[in-house]
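Asker: Quick one: structure below, then a few questions.
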Amino acid sequence: MPNVTTLTELLEANRVFPGAITYLEGEHDVRTVSFAELHERALGILYHLQRLGARRGDTLILLLGSNEQFIDAFWAAILGGIIPVPVAGGISEEHRQKLLRIARRLGEPFIYTERRALERIGACAAESGQDETFERLRRRAFLVDGLDDISQPGEVHRADPQDVAFIQFSSGSTSQPKGVVLTHGNILANVRGATEMASLNEHDVTLSWMPLTHDMGLIGMHLVMFFNRMHMHFMPTELFVRRPLLWLELASRVRASILCSPNFGYKHYLKVLGERPVDGLDLSSVRLIFNGAEPISVTLCEQFLNRLAPAHLSRNAMYPVYGLAEASLAVSFPPPGEALRTLVADRHHLAVGEPIRLLPAGAQAGIELISEGKAIPYCSVRIVDDTDRALPQGHVGHVQISGLNVTQGYYADPAANAEAFSADGWLRTGDLAVVHQGDLYITGRAKEIIFVNGQNYYPHDLESIVQRIEGLELGKVVAAGVRAGGEDVEQLVLFVLHRGELEGFVPLAAAAARVLNEQTGLEVAAVVPVKRIPKTTSGKIQRHLLEQDYLNGTFAAQLSELAALRAAHGASAPAARSAIEAKLQGICAAVLGGKRLDVNDNLFELGANSLKLIEIHERIDQEYPGKIDLTELFDYPTIAELAHHLEAELAA
């Protein structure tokens, strides 16, 4: 390991090492930059930034579409003691509004970007009445389009470990973006801890498509790897999205040993791969595929590993990790080269402070969790209850972290800082987890928990159940808990991506409600068709935006039309064919709030949750004592099927 205490020292130490970064812009568009050349470029760009007036401690927004330009500018700022602030470009109005909000929070930032990007921000500012914010930004803008001479070096500032290295704004920041302040000391502690835990070294070769504006891309796949003097390869995120198969083709070609992707990437790759053969790939050199940034799907890991087995991908290469920007990225890693470790917990018993109940594999009430290892060196993890008191192993609780890699707070945000830290100085991550046999198992996000019938449920778990329906995939269905004004309880609402006719959505909505009801006993209040699923630039679903639209009545017209379509279907439905069918139909309709239902309707599609099933069973038992068992409502979920079974019981 290099004996350095700041990123400035790291760049200067590495310039004499024969390492390189390769930028893969396409299948055959390849450019390689040596570490020495990177240092020279950074000095040249720093000269222009300092001519513009940027000095030590100033902030510099990096809004760049090119990986190469981003890395050059990042290191230029580091050398000058200027604080880089990576911001994802994106294509939506929301992304530009976020940048303007960040600019206002920073006060008087500089910006390093392209002319067209700056013009788009200006147009957005004019439309939203933020001309003053934009004008301050425009006066301190450096346009990469005009950079034609980097022969003259800027003046290097010798940083201290406690100096701010850069500010990472959360990819999900909306009205009040929070900037995580990371010092040189924070980052290098994290880099060393990750290096030791994952046994990284200069003989490793990396390939990454993760955006450099994301901590997993910038810290995980650049700074950690640069510290270890690896040969790094970067492909644009947009190229991966357009041509995901190129990812592993390039990995095979460059003999990569370290890859990285969240759930989205594995699913996207497998979808496009389809039934194509993979035996033309040779992934035998891959020893670690970092998997993080969002809840990890055990099923998806297995699908990916099984599908790539003919390409000689090791089953032990999948490397599930836990981290967050506030920890300078890494919090916990498993031992490299080991098989995935999982457990199955009862999803009905995952409340904070509650001990997990282990179930056998395949249990209907089970949620499969994956081990994300133990805390890396220089970082500590504890699990606490709602009052910040430590919980024993095996109990679900809030994840809190402390250590040399952990931020001291958010940029100019005392309110967020007061909320983020416990009285004894531990950072609240917002995640929930359980420690089992020494390993950390993340269960979900505290703010995203759906609270129904007195129980906690995790959206990603419910979504994984619904995604078993043909035509529904990862990222196309969102589960959310919505509480309307004045209501005491949350309603479970599913948002499903659907761009076709509403009539074709009716059976899909019914199937989604049914499968979730059958598997969990939860009633789905509404299944809402949406044209798009809002996500952050790193692919995380923004549930709160869908929840707010639902409460604001954005989907009222579609839901009304769907109700009419279902009513029309019910009007043409067959009437009860026997006295028993009529009796059962009346019982079910009364318990289900007077819903119109025909004898062939599936009770689970109509919202017969576990509590209502108990009530239905009690009423049936009053009419026909001892003839129907509660579990038989699952075996005969329509009135016609149940009536036929009951008639057979009565005849016997």
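How things are named: the first chain in the structure tokens is A, the next is B, and so on; residues count from 1 in each chain; ligands count from 1 in the order shown.
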For A:Ala325, work out the shell of residues within 9 Å, counting only C-alpha atoms and skipping chain neighbours fewer than 2 positions away, then give it as a count of residues only.

Answerer: 15

Asker: So that I can see what lies close to A:Val599, please list as a PyMOL selection string the residues with an atom at most 7 Å from it, counting only C-alpha atoms and leaving out residues fewer than 2 positions away in the same chain.

Answerer: chain A and resi 576+585+597+601+638-640

Asker: Since we have the selection now, will you write its residues out, keeping C-alpha atoms, as a PDB file, in the first residue's frame?

Answerer:
```
ATOM      1  CA  ALA A 576     -75.063 -18.237  -8.242  1.00  0.00           C
ATOM      2  CA  GLN A 585     -71.549 -15.170  -2.103  1.00  0.00           C
ATOM      3  CA  LEU A 597     -68.356 -10.410  -6.837  1.00  0.00           C
ATOM      4  CA  ASP A 601     -63.853 -14.318  -8.683  1.00  0.00           C
ATOM      5  CA  THR A 638     -63.391 -18.887  -5.542  1.00  0.00           C
ATOM      6  CA  ILE A 639     -66.984 -19.170  -4.369  1.00  0.00           C
ATOM      7  CA  ALA A 640     -67.725 -21.786  -7.034  1.00  0.00           C
TER       8      ALA A 640
END
```

Asker: Taking only C-alpha atoms into account, name the residue in A:Ser34, A:Phe134, A:Ile580, A:Glu501 that is nearest to A:His231.

Answerer: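 The shortest atom-to-atom distance to A:His231 comes from A:Ser34.
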